[in-house]
Every structure is written in structure tokens, then in C-alpha cells.
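**Q** Dropping in my_file35.csv, which is CSV, N, CA, C and O atoms:
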```
chain,number,residue,atom,x,y,z
N,1,MET,N,-24.9,9.8,-19.8
N,1,MET,CA,-25.7,9.0,-18.8
N,1,MET,C,-24.9,7.8,-18.4
N,1,MET,O,-24.3,7.1,-19.2
N,2,ILE,N,-24.8,7.6,-17.1
N,2,ILE,CA,-24.0,6.4,-16.5
N,2,ILE,C,-24.9,5.2,-16.5
N,2,ILE,O,-26.0,5.2,-16.1
N,3,ARG,N,-24.3,4.1,-17.0
N,3,ARG,CA,-25.1,2.9,-17.0
N,3,ARG,C,-25.2,2.3,-15.6
N,3,ARG,O,-24.3,2.6,-14.8
N,4,PRO,N,-26.3,1.6,-15.3
N,4,PRO,CA,-26.4,1.1,-13.9
N,4,PRO,C,-25.3,0.3,-13.4
N,4,PRO,O,-24.9,0.4,-12.3
N,5,GLY,N,-24.7,-0.6,-14.3
N,5,GLY,CA,-23.6,-1.4,-13.9
N,5,GLY,C,-22.4,-0.6,-13.5
N,5,GLY,O,-21.7,-1.0,-12.6
N,6,LEU,N,-22.1,0.4,-14.3
N,6,LEU,CA,-21.0,1.3,-13.9
N,6,LEU,C,-21.2,2.0,-12.6
N,6,LEU,O,-20.3,2.2,-11.9
N,7,ALA,N,-22.4,2.4,-12.4
N,7,ALA,CA,-22.7,3.1,-11.1
N,7,ALA,C,-22.5,2.2,-9.9
N,7,ALA,O,-21.9,2.6,-8.9
N,8,VAL,N,-22.9,1.0,-10.0
N,8,VAL,CA,-22.7,0.0,-9.0
N,8,VAL,C,-21.2,-0.2,-8.7
N,8,VAL,O,-20.8,-0.3,-7.6
N,9,LEU,N,-20.5,-0.4,-9.8
N,9,LEU,CA,-19.1,-0.6,-9.7
N,9,LEU,C,-18.4,0.6,-9.0
N,9,LEU,O,-17.6,0.4,-8.2
N,10,ALA,N,-18.7,1.8,-9.4
N,10,ALA,CA,-18.1,3.0,-8.8
N,10,ALA,C,-18.5,3.0,-7.4
N,10,ALA,O,-17.6,3.4,-6.5
N,11,LEU,N,-19.7,2.7,-7.0
N,11,LEU,CA,-20.1,2.8,-5.6
N,11,LEU,C,-19.3,1.7,-4.8
N,11,LEU,O,-18.8,2.0,-3.7
N,12,THR,N,-19.2,0.5,-5.3
N,12,THR,CA,-18.5,-0.6,-4.7
N,12,THR,C,-17.0,-0.2,-4.5
N,12,THR,O,-16.4,-0.4,-3.4
N,13,LEU,N,-16.4,0.4,-5.5
N,13,LEU,CA,-15.0,0.8,-5.4
N,13,LEU,C,-14.8,1.9,-4.3
N,13,LEU,O,-13.9,1.9,-3.6
N,14,THR,N,-15.7,2.8,-4.3
N,14,THR,CA,-15.7,3.9,-3.4
N,14,THR,C,-15.8,3.4,-1.9
N,14,THR,O,-15.1,3.8,-1.0
N,15,LEU,N,-16.8,2.6,-1.7
N,15,LEU,CA,-17.0,2.0,-0.4
N,15,LEU,C,-15.8,1.1,0.1
N,15,LEU,O,-15.4,1.1,1.2
N,16,GLY,N,-15.3,0.4,-0.9
N,16,GLY,CA,-14.2,-0.5,-0.6
N,16,GLY,C,-12.9,0.3,-0.2
N,16,GLY,O,-12.1,-0.2,0.5
N,17,ALA,N,-12.8,1.5,-0.8
N,17,ALA,CA,-11.6,2.3,-0.5
N,17,ALA,C,-11.6,2.8,0.9
N,17,ALA,O,-10.6,3.2,1.4
N,18,CYS,N,-12.8,2.8,1.6
N,18,CYS,CA,-12.8,3.3,2.9
N,18,CYS,C,-12.1,2.4,3.9
N,18,CYS,O,-11.6,2.9,4.9
N,19,ALA,N,-12.1,1.1,3.6
N,19,ALA,CA,-11.4,0.2,4.5
N,19,ALA,C,-9.9,0.1,4.1
N,19,ALA,O,-9.6,0.1,2.9
N,20,THR,N,-9.0,0.0,5.1
N,20,THR,CA,-7.6,-0.1,4.8
N,20,THR,C,-7.4,-1.6,4.3
N,20,THR,O,-8.2,-2.5,4.6
N,21,PRO,N,-6.3,-1.8,3.6
N,21,PRO,CA,-5.9,-3.2,3.2
N,21,PRO,C,-5.9,-4.1,4.5
N,21,PRO,O,-6.3,-5.2,4.4
N,22,GLN,N,-5.3,-3.6,5.5
N,22,GLN,CA,-5.2,-4.4,6.7
N,22,GLN,C,-6.6,-4.8,7.3
N,22,GLN,O,-6.8,-5.9,7.6
N,23,THR,N,-7.5,-3.9,7.3
N,23,THR,CA,-8.9,-4.2,7.7
N,23,THR,C,-9.5,-5.2,6.9
N,23,THR,O,-10.2,-6.1,7.3
N,24,ARG,N,-9.3,-5.0,5.5
N,24,ARG,CA,-9.9,-6.0,4.6
N,24,ARG,C,-9.3,-7.4,4.8
N,24,ARG,O,-10.0,-8.4,4.7
N,25,ILE,N,-8.0,-7.5,5.0
N,25,ILE,CA,-7.4,-8.8,5.2
N,25,ILE,C,-7.9,-9.4,6.5
N,25,ILE,O,-8.2,-10.6,6.5
N,26,GLU,N,-7.9,-8.6,7.5
N,26,GLU,CA,-8.4,-9.1,8.8
N,26,GLU,C,-9.8,-9.6,8.7
N,26,GLU,O,-10.1,-10.8,9.1
N,27,ARG,N,-10.7,-8.9,8.1
N,27,ARG,CA,-12.1,-9.4,7.9
N,27,ARG,C,-12.1,-10.7,7.1
N,27,ARG,O,-12.9,-11.6,7.4
N,28,GLY,N,-11.3,-10.7,6.0
N,28,GLY,CA,-11.3,-11.9,5.2
N,28,GLY,C,-10.8,-13.1,5.9
N,28,GLY,O,-11.3,-14.2,5.7
N,29,LEU,N,-9.8,-12.9,6.8
N,29,LEU,CA,-9.2,-14.1,7.5
N,29,LEU,C,-10.3,-14.5,8.5
N,29,LEU,O,-10.4,-15.7,8.8
N,30,ILE,N,-11.0,-13.6,9.1
N,30,ILE,CA,-12.1,-14.0,10.1
N,30,ILE,C,-13.1,-14.8,9.3
N,30,ILE,O,-13.6,-15.8,9.8
N,31,GLU,N,-13.5,-14.3,8.1
N,31,GLU,CA,-14.5,-15.0,7.3
N,31,GLU,C,-14.1,-16.4,6.9
N,31,GLU,O,-14.9,-17.2,6.6
N,32,ALA,N,-12.7,-16.5,6.7
N,32,ALA,CA,-12.2,-17.8,6.3
N,32,ALA,C,-12.1,-18.8,7.5
N,32,ALA,O,-11.8,-19.9,7.3
N,33,GLY,N,-12.4,-18.3,8.7
N,33,GLY,CA,-12.5,-19.2,9.9
N,33,GLY,C,-11.4,-19.0,11.0
N,33,GLY,O,-11.4,-19.7,11.9
N,34,LEU,N,-10.5,-18.0,10.8
N,34,LEU,CA,-9.5,-17.8,11.9
N,34,LEU,C,-10.1,-16.9,13.0
N,34,LEU,O,-11.0,-16.2,12.7
N,35,SER,N,-9.5,-17.0,14.1
N,35,SER,CA,-10.0,-16.2,15.3
N,35,SER,C,-9.7,-14.7,15.0
N,35,SER,O,-8.8,-14.4,14.2
N,36,ARG,N,-10.4,-13.9,15.7
N,36,ARG,CA,-10.1,-12.4,15.6
N,36,ARG,C,-8.7,-12.1,15.9
N,36,ARG,O,-8.1,-11.3,15.3
N,37,LYS,N,-8.2,-12.6,17.0
N,37,LYS,CA,-6.8,-12.3,17.5
N,37,LYS,C,-5.8,-12.7,16.4
N,37,LYS,O,-4.9,-12.0,16.0
N,38,GLN,N,-5.9,-14.0,15.9
N,38,GLN,CA,-5.0,-14.5,14.9
N,38,GLN,C,-5.1,-13.6,13.6
N,38,GLN,O,-4.1,-13.3,13.0
N,39,SER,N,-6.4,-13.3,13.2
N,39,SER,CA,-6.6,-12.5,12.0
N,39,SER,C,-6.0,-11.1,12.1
N,39,SER,O,-5.4,-10.7,11.1
N,40,ALA,N,-6.2,-10.5,13.2
N,40,ALA,CA,-5.6,-9.1,13.4
N,40,ALA,C,-4.1,-9.2,13.3
N,40,ALA,O,-3.5,-8.3,12.7
N,41,CYS,N,-3.5,-10.1,14.0
N,41,CYS,CA,-2.0,-10.3,14.0
N,41,CYS,C,-1.5,-10.5,12.6
N,41,CYS,O,-0.6,-9.9,12.1
N,42,MET,N,-2.1,-11.5,11.9
N,42,MET,CA,-1.7,-11.8,10.5
N,42,MET,C,-1.9,-10.7,9.5
N,42,MET,O,-1.1,-10.4,8.7
N,43,ALA,N,-3.0,-10.0,9.6
N,43,ALA,CA,-3.3,-8.9,8.7
N,43,ALA,C,-2.3,-7.8,8.9
N,43,ALA,O,-1.9,-7.2,7.9
N,44,ASP,N,-1.9,-7.5,10.1
N,44,ASP,CA,-0.8,-6.5,10.3
N,44,ASP,C,0.5,-6.9,9.6
N,44,ASP,O,1.1,-6.0,9.0
N,45,ARG,N,0.8,-8.1,9.6
N,45,ARG,CA,2.0,-8.6,9.0
N,45,ARG,C,1.9,-8.8,7.4
N,45,ARG,O,2.9,-8.8,6.7
N,46,MET,N,0.7,-8.9,6.9
N,46,MET,CA,0.5,-9.2,5.5
N,46,MET,C,0.2,-8.0,4.7
N,46,MET,O,0.4,-8.0,3.4
N,47,ALA,N,-0.4,-6.9,5.3
N,47,ALA,CA,-1.0,-5.8,4.5
N,47,ALA,C,-0.1,-5.2,3.5
N,47,ALA,O,-0.6,-4.9,2.4
N,48,ASP,N,1.1,-5.0,3.8
N,48,ASP,CA,2.0,-4.3,2.8
N,48,ASP,C,2.7,-5.2,1.9
N,48,ASP,O,3.4,-4.7,1.0
N,49,LYS,N,2.5,-6.5,2.0
N,49,LYS,CA,3.2,-7.4,1.2
N,49,LYS,C,2.4,-8.1,0.1
N,49,LYS,O,3.0,-8.7,-0.8
N,50,LEU,N,1.1,-7.9,0.1
N,50,LEU,CA,0.3,-8.5,-1.0
N,50,LEU,C,-0.3,-7.5,-1.9
N,50,LEU,O,-0.6,-6.4,-1.6
N,51,SER,N,-0.4,-7.9,-3.2
N,51,SER,CA,-0.9,-7.0,-4.2
N,51,SER,C,-2.5,-7.1,-4.2
N,51,SER,O,-3.0,-8.0,-3.5
N,52,VAL,N,-3.1,-6.2,-4.9
N,52,VAL,CA,-4.6,-6.2,-4.9
N,52,VAL,C,-5.1,-7.5,-5.5
N,52,VAL,O,-6.0,-8.1,-5.0
N,53,GLY,N,-4.4,-8.0,-6.5
N,53,GLY,CA,-4.8,-9.3,-7.1
N,53,GLY,C,-4.7,-10.5,-6.1
N,53,GLY,O,-5.6,-11.3,-6.1
N,54,GLN,N,-3.7,-10.4,-5.3
N,54,GLN,CA,-3.5,-11.5,-4.3
N,54,GLN,C,-4.5,-11.4,-3.2
N,54,GLN,O,-5.0,-12.4,-2.7
N,55,LEU,N,-4.9,-10.1,-2.9
N,55,LEU,CA,-5.9,-9.9,-1.9
N,55,LEU,C,-7.3,-10.5,-2.4
N,55,LEU,O,-8.0,-11.1,-1.6
N,56,LEU,N,-7.5,-10.3,-3.7
N,56,LEU,CA,-8.7,-10.8,-4.3
N,56,LEU,C,-8.7,-12.4,-4.2
N,56,LEU,O,-9.8,-13.0,-4.0
N,57,LYS,N,-7.6,-13.0,-4.5
N,57,LYS,CA,-7.5,-14.4,-4.4
N,57,LYS,C,-7.8,-14.9,-3.0
N,57,LYS,O,-8.5,-15.9,-2.8
N,58,LEU,N,-7.2,-14.2,-2.0
N,58,LEU,CA,-7.4,-14.6,-0.6
N,58,LEU,C,-8.9,-14.4,-0.2
N,58,LEU,O,-9.4,-15.2,0.6
N,59,ARG,N,-9.6,-13.5,-0.8
N,59,ARG,CA,-11.0,-13.3,-0.5
N,59,ARG,C,-11.8,-14.5,-0.8
N,59,ARG,O,-12.8,-14.8,-0.2
N,60,SER,N,-11.4,-15.3,-1.8
N,60,SER,CA,-12.1,-16.5,-2.2
N,60,SER,C,-12.1,-17.5,-1.1
N,60,SER,O,-13.0,-18.4,-1.1
N,61,LEU,N,-11.3,-17.4,-0.1
N,61,LEU,CA,-11.2,-18.4,1.0
N,61,LEU,C,-12.4,-18.2,1.9
N,61,LEU,O,-12.7,-19.1,2.7
N,62,SER,N,-13.1,-17.1,1.9
N,62,SER,CA,-14.2,-16.9,2.8
N,62,SER,C,-15.3,-18.0,2.6
N,62,SER,O,-16.1,-18.3,3.5
N,63,GLY,N,-15.4,-18.6,1.4
N,63,GLY,CA,-16.3,-19.6,1.1
N,63,GLY,C,-16.0,-20.9,1.8
N,63,GLY,O,-16.8,-21.9,1.8
N,64,MET,N,-14.8,-21.1,2.4
N,64,MET,CA,-14.4,-22.3,3.0
N,64,MET,C,-14.6,-22.3,4.5
N,64,MET,O,-14.1,-23.2,5.2
N,65,LYS,N,-15.2,-21.3,5.0
N,65,LYS,CA,-15.4,-21.1,6.4
N,65,LYS,C,-16.1,-22.3,7.1
N,65,LYS,O,-17.1,-22.8,6.6
N,66,ASP,N,-15.5,-22.8,8.2
N,66,ASP,CA,-16.1,-23.8,9.0
N,66,ASP,C,-17.4,-23.3,9.7
N,66,ASP,O,-17.5,-22.1,9.9
N,67,LYS,N,-18.3,-24.1,10.1
N,67,LYS,CA,-19.4,-23.7,10.8
N,67,LYS,C,-19.0,-23.2,12.2
N,67,LYS,O,-19.6,-22.3,12.7
N,68,ASP,N,-18.0,-23.8,12.8
N,68,ASP,CA,-17.5,-23.4,14.1
N,68,ASP,C,-16.1,-22.9,13.9
N,68,ASP,O,-15.2,-23.7,13.7
N,69,VAL,N,-15.9,-21.6,13.9
N,69,VAL,CA,-14.6,-21.0,13.6
N,69,VAL,C,-13.5,-21.4,14.6
N,69,VAL,O,-12.4,-21.3,14.3
N,70,ARG,N,-13.9,-21.8,15.7
N,70,ARG,CA,-12.9,-22.3,16.7
N,70,ARG,C,-12.2,-23.5,16.3
N,70,ARG,O,-11.1,-23.8,16.8
N,71,THR,N,-12.7,-24.3,15.3
N,71,THR,CA,-12.1,-25.5,14.9
N,71,THR,C,-11.1,-25.3,13.7
N,71,THR,O,-10.4,-26.2,13.4
N,72,MET,N,-11.1,-24.1,13.2
N,72,MET,CA,-10.1,-23.8,12.1
N,72,MET,C,-8.7,-23.6,12.6
N,72,MET,O,-8.5,-22.6,13.3
N,73,SER,N,-7.8,-24.4,12.3
N,73,SER,CA,-6.5,-24.3,12.7
N,73,SER,C,-5.7,-23.5,11.6
N,73,SER,O,-6.1,-23.5,10.5
N,74,ILE,N,-4.5,-23.0,12.0
N,74,ILE,CA,-3.7,-22.3,11.0
N,74,ILE,C,-3.2,-23.3,10.0
N,74,ILE,O,-3.1,-23.0,8.8
N,75,GLU,N,-3.0,-24.6,10.4
N,75,GLU,CA,-2.6,-25.6,9.4
N,75,GLU,C,-3.7,-25.8,8.3
N,75,GLU,O,-3.4,-25.9,7.1
N,76,ARG,N,-4.9,-25.9,8.8
N,76,ARG,CA,-6.0,-26.1,7.8
N,76,ARG,C,-6.1,-24.9,6.9
N,76,ARG,O,-6.4,-25.0,5.7
N,77,PHE,N,-6.0,-23.7,7.5
N,77,PHE,CA,-6.1,-22.5,6.7
N,77,PHE,C,-5.0,-22.5,5.7
N,77,PHE,O,-5.3,-22.1,4.5
N,78,LEU,N,-3.8,-22.8,6.0
N,78,LEU,CA,-2.7,-22.8,5.1
N,78,LEU,C,-2.9,-23.8,4.0
N,78,LEU,O,-2.5,-23.6,2.8
N,79,ARG,N,-3.5,-25.0,4.3
N,79,ARG,CA,-3.9,-25.9,3.2
N,79,ARG,C,-4.8,-25.3,2.2
N,79,ARG,O,-4.6,-25.5,1.0
N,80,ASN,N,-5.7,-24.5,2.7
N,80,ASN,CA,-6.7,-23.8,1.8
N,80,ASN,C,-5.9,-22.7,1.0
N,80,ASN,O,-6.2,-22.5,-0.2
N,81,VAL,N,-5.0,-22.0,1.6
N,81,VAL,CA,-4.2,-21.0,0.9
N,81,VAL,C,-3.3,-21.7,-0.2
N,81,VAL,O,-3.2,-21.2,-1.3
N,82,ARG,N,-2.8,-22.8,0.1
N,82,ARG,CA,-1.9,-23.6,-0.9
N,82,ARG,C,-2.8,-23.9,-2.1
N,82,ARG,O,-2.3,-23.9,-3.2
N,83,ALA,N,-4.1,-24.2,-1.9
N,83,ALA,CA,-4.9,-24.5,-3.1
N,83,ALA,C,-5.1,-23.3,-4.0
N,83,ALA,O,-5.5,-23.5,-5.2
N,84,LEU,N,-4.7,-22.1,-3.6
N,84,LEU,CA,-4.8,-20.9,-4.5
N,84,LEU,C,-3.7,-21.0,-5.6
N,84,LEU,O,-3.8,-20.2,-6.5
N,85,ARG,N,-2.7,-21.8,-5.3
N,85,ARG,CA,-1.6,-22.0,-6.3
N,85,ARG,C,-0.8,-20.7,-6.6
N,85,ARG,O,-0.5,-20.4,-7.7
N,86,ASP,N,-0.6,-19.9,-5.5
N,86,ASP,CA,0.2,-18.7,-5.6
N,86,ASP,C,1.3,-18.8,-4.6
N,86,ASP,O,1.0,-18.6,-3.4
N,87,PRO,N,2.6,-19.2,-5.0
N,87,PRO,CA,3.6,-19.4,-4.0
N,87,PRO,C,3.9,-18.1,-3.1
N,87,PRO,O,4.2,-18.3,-1.9
N,88,GLU,N,3.7,-17.0,-3.7
N,88,GLU,CA,4.0,-15.8,-2.9
N,88,GLU,C,2.9,-15.6,-1.8
N,88,GLU,O,3.3,-15.2,-0.6
N,89,ILE,N,1.7,-15.8,-2.1
N,89,ILE,CA,0.6,-15.7,-1.1
N,89,ILE,C,0.9,-16.7,0.0
N,89,ILE,O,0.8,-16.4,1.2
N,90,LEU,N,1.2,-18.0,-0.4
N,90,LEU,CA,1.5,-19.0,0.6
N,90,LEU,C,2.7,-18.6,1.5
N,90,LEU,O,2.6,-18.8,2.7
N,91,SER,N,3.7,-18.1,0.9
N,91,SER,CA,4.9,-17.7,1.7
N,91,SER,C,4.6,-16.6,2.7
N,91,SER,O,4.9,-16.7,3.9
N,92,ILE,N,3.9,-15.6,2.2
N,92,ILE,CA,3.6,-14.4,3.1
N,92,ILE,C,2.6,-14.9,4.2
N,92,ILE,O,2.8,-14.5,5.4
N,93,THR,N,1.6,-15.7,3.8
N,93,THR,CA,0.6,-16.1,4.8
N,93,THR,C,1.2,-17.1,5.8
N,93,THR,O,0.9,-17.0,7.0
N,94,THR,N,2.1,-18.0,5.4
N,94,THR,CA,2.7,-18.9,6.3
N,94,THR,C,3.6,-18.2,7.3
N,94,THR,O,3.5,-18.4,8.5
N,95,ARG,N,4.4,-17.2,6.8
N,95,ARG,CA,5.3,-16.5,7.7
N,95,ARG,C,4.5,-15.7,8.7
N,95,ARG,O,4.8,-15.6,9.9
N,96,ALA,N,3.4,-15.1,8.2
N,96,ALA,CA,2.5,-14.3,9.2
N,96,ALA,C,1.9,-15.2,10.2
N,96,ALA,O,1.9,-14.9,11.4
N,97,GLY,N,1.4,-16.4,9.8
N,97,GLY,CA,0.7,-17.3,10.7
N,97,GLY,C,1.7,-17.9,11.7
N,97,GLY,O,1.4,-17.9,12.9
N,98,VAL,N,2.9,-18.3,11.3
N,98,VAL,CA,3.9,-18.8,12.2
N,98,VAL,C,4.3,-17.7,13.2
N,98,VAL,O,4.4,-17.9,14.4
N,99,GLY,N,4.6,-16.5,12.6
N,99,GLY,CA,5.0,-15.4,13.5
N,99,GLY,C,4.0,-15.1,14.6
N,99,GLY,O,4.4,-14.9,15.7
N,100,CYS,N,2.8,-15.1,14.2
N,100,CYS,CA,1.7,-14.8,15.1
N,100,CYS,C,1.5,-15.9,16.1
N,100,CYS,O,1.2,-15.7,17.3
N,101,ALA,N,1.7,-17.1,15.7
N,101,ALA,CA,1.5,-18.3,16.6
N,101,ALA,C,2.7,-18.3,17.7
N,101,ALA,O,2.4,-18.6,18.8
N,102,ILE,N,3.8,-17.9,17.2
N,102,ILE,CA,5.0,-17.9,18.2
N,102,ILE,C,4.8,-16.7,19.1
N,102,ILE,O,5.1,-16.9,20.3
N,103,SER,N,4.4,-15.6,18.6
N,103,SER,CA,4.3,-14.4,19.5
N,103,SER,C,3.1,-14.5,20.5
N,103,SER,O,3.0,-13.7,21.4
N,104,GLY,N,2.2,-15.4,20.2
N,104,GLY,CA,1.1,-15.7,21.1
N,104,GLY,C,0.0,-14.7,20.9
N,104,GLY,O,-0.9,-14.4,21.5
```
Once you've parsed the file, please lay out its structure as C-alpha cells.

**A**
Amino acid sequence: MIRPGLAVLALTLTLGACATPQTRIERGLIEAGLSRKQSACMADRMADKLSVGQLLKLRSLSGMKDKDVRTMSIERFLRNVRALRDPEILSITTRAGVGCAISG
């Protein structure tokens, strides 16, 4: 017999597997306060470069969302990423953010 906790975990993992890493990153960036356009661009650049553990760390940023997402700048977002204390996440996110800002 499967315990209820294991059943919930299995269902969560199954449903989470439906979304691509890029989609999950994009959603997470939007929830963290970035615009849809900026989030889509950055997710495309970040998807293949971050580990599952790093993606989970980034997910924690969704709690820092501003009430008005239009006020979240990439600089403020990167300050929040720096607080995760993972130099690789910061480097990948910074390069993605700057590249997307330059490409418009």
C-alpha cells in the first residue's frame, strides 16, 4: 500500500515533469516580478545551464515578488539572486539578464 505522502510526491513529480525547464524558469521569473518578455528571453538562455538544485533555489525568489511587477528591475532581481549565495546562479542569471536587455 502506498502511503498518502508518497502518492502526493509522485503526483507532484509527474505533473512537474510535464513542464519543460524553460517553462518552469519563465514562470518562476514572472512570479519573482520580471516582465513576461524579459522572463521568456532569460529562461531561453538559462534552461540548459542550471541544475535541478539551482532551479529549486531560484524558485524561492517567487516570495520576493513586488505588488506591481512593472517596478521590478533586472538590477533589483539580481540583488535578490545574489542573496541565494550561489555564484554560478548569479553568473548565469546576470549574463541572461544583460543579454536580454541588450537584445531588447

**Q** With all atoms listed in the file as the atoms that count, which of N:Ala40, N:Leu78, N:Leu34, N:Leu84 lies nearest to Lys57 in chain N?

**A**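 Distance minimum relative to Lys57 in chain N lands on N:Leu84.
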
**Q** Could you check how far CA of Gln54 in chain N sits from atom O of Gly99 in chain N, in Å to one decimal?

**A**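 Distance reported for this atom pair: 21.8 Å.
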
**Q** Using Å and a single decimal, report how far CA of Thr23 in chain N sits from CA of Val52 in chain N.

**A**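 Computing the Euclidean distance for CA of Val52 in chain N and CA of Thr23 in chain N yields 13.5 Å.
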
**Q** In Å, with one decimal, what is the gap from atom N of Thr94 in chain N to CA of Arg45 in chain N?

**A** 10.1 Å

**Q** Can you list, as a VMD selection string, every protein, DNA or RNA residue that comes within 12 Å of Lys37 in chain N when you count only C-alpha atoms, leaving out same-chain residues fewer than 3 positions away?

**A** chain N and resid 26 to 27 29 to 30 33 to 34 40 to 44 70 97 100 to 101 103 to 104

**Q** Show which residues sit within 10 Å of Ser60 in chain N, as an mmCIF file with N, CA, C and O atoms, in the coordinates of the input. Count only C-alpha atoms, and ignore same-chain residues fewer than 6 positions away.

**A**
```
data_model
loop_
_atom_site.group_PDB
_atom_site.id
_atom_site.type_symbol
_atom_site.label_atom_id
_atom_site.label_comp_id
_atom_site.auth_asym_id
_atom_site.auth_seq_id
_atom_site.Cartn_x
_atom_site.Cartn_y
_atom_site.Cartn_z
ATOM 1 N N GLY N 28 -11.300 -10.700 6.000
ATOM 2 C CA GLY N 28 -11.300 -11.900 5.200
ATOM 3 C C GLY N 28 -10.800 -13.100 5.900
ATOM 4 O O GLY N 28 -11.300 -14.200 5.700
ATOM 5 N N GLU N 31 -13.500 -14.300 8.100
ATOM 6 C CA GLU N 31 -14.500 -15.000 7.300
ATOM 7 C C GLU N 31 -14.100 -16.400 6.900
ATOM 8 O O GLU N 31 -14.900 -17.200 6.600
ATOM 9 N N ALA N 32 -12.700 -16.500 6.700
ATOM 10 C CA ALA N 32 -12.200 -17.800 6.300
ATOM 11 C C ALA N 32 -12.100 -18.800 7.500
ATOM 12 O O ALA N 32 -11.800 -19.900 7.300
ATOM 13 N N ASN N 80 -5.700 -24.500 2.700
ATOM 14 C CA ASN N 80 -6.700 -23.800 1.800
ATOM 15 C C ASN N 80 -5.900 -22.700 1.000
ATOM 16 O O ASN N 80 -6.200 -22.500 -0.200
ATOM 17 N N VAL N 81 -5.000 -22.000 1.600
ATOM 18 C CA VAL N 81 -4.200 -21.000 0.900
ATOM 19 C C VAL N 81 -3.300 -21.700 -0.200
ATOM 20 O O VAL N 81 -3.200 -21.200 -1.300
ATOM 21 N N LEU N 84 -4.700 -22.100 -3.600
ATOM 22 C CA LEU N 84 -4.800 -20.900 -4.500
ATOM 23 C C LEU N 84 -3.700 -21.000 -5.600
ATOM 24 O O LEU N 84 -3.800 -20.200 -6.500
#
```

**Q** Using only C-alpha atoms, can you tell me which of N:Arg36, N:Ser73, N:Val98, N:Asp86 comes closest to Leu50 in chain N?

**A**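 Distance minimum relative to Leu50 in chain N lands on N:Asp86.
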
**Q** Using only N, CA, C and O atoms, find the one residue out of N:Leu58, N:Asp48, N:Ser35, N:Ile25 that sits nearest to Ile89 in chain N.

**A**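 Counting only N, CA, C and O atoms, the residue closest to Ile89 in chain N is N:Leu58.
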
**Q** Smallest atom-to-atom distance to Lys49 in chain N: which of N:Ile102, N:Ala19, N:Ala96, N:Glu88, using all atoms listed in the file?

**A**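 Among the listed residues, N:Glu88 lies closest to Lys49 in chain N.
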
**Q** Just need range 90-104 of chain N in a file, please: N, CA and C atoms, as a compact mmCIF listing (two decimals), in the first residue's frame.

**A**
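Below is the file selection.txt, written as the result:
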```txt
# COMPACT_ATOMS: atom_id res chain seq x y z
N LEU N 90 24.20 33.23 -10.00
CA LEU N 90 24.35 34.67 -10.22
C LEU N 90 24.97 34.94 -11.59
N SER N 91 26.01 34.21 -11.94
CA SER N 91 26.68 34.41 -13.22
C SER N 91 25.76 34.12 -14.40
N ILE N 92 25.08 33.00 -14.36
CA ILE N 92 24.18 32.61 -15.46
C ILE N 92 23.02 33.58 -15.57
N THR N 93 22.45 33.96 -14.44
CA THR N 93 21.31 34.88 -14.44
C THR N 93 21.72 36.27 -14.92
N THR N 94 22.89 36.73 -14.47
CA THR N 94 23.38 38.05 -14.88
C THR N 94 23.61 38.08 -16.38
N ARG N 95 24.30 37.06 -16.91
CA ARG N 95 24.55 37.03 -18.35
C ARG N 95 23.25 36.98 -19.15
N ALA N 96 22.28 36.21 -18.67
CA ALA N 96 21.00 36.13 -19.37
C ALA N 96 20.28 37.47 -19.32
N GLY N 97 20.27 38.11 -18.15
CA GLY N 97 19.60 39.39 -18.00
C GLY N 97 20.21 40.48 -18.85
N VAL N 98 21.53 40.56 -18.84
CA VAL N 98 22.22 41.58 -19.64
C VAL N 98 22.01 41.31 -21.12
N GLY N 99 22.16 40.05 -21.53
CA GLY N 99 21.95 39.70 -22.95
C GLY N 99 20.57 40.05 -23.43
N CYS N 100 19.58 39.80 -22.60
CA CYS N 100 18.20 40.10 -22.99
C CYS N 100 17.94 41.60 -23.00
N ALA N 101 18.55 42.32 -22.06
CA ALA N 101 18.39 43.77 -22.01
C ALA N 101 19.02 44.42 -23.27
N ILE N 102 20.14 43.90 -23.69
CA ILE N 102 20.81 44.46 -24.86
C ILE N 102 20.05 44.12 -26.14
N SER N 103 19.55 42.89 -26.22
CA SER N 103 18.85 42.48 -27.44
C SER N 103 17.45 43.10 -27.55
N GLY N 104 16.99 43.66 -26.45
CA GLY N 104 15.72 44.38 -26.44
C GLY N 104 14.56 43.51 -26.38
```
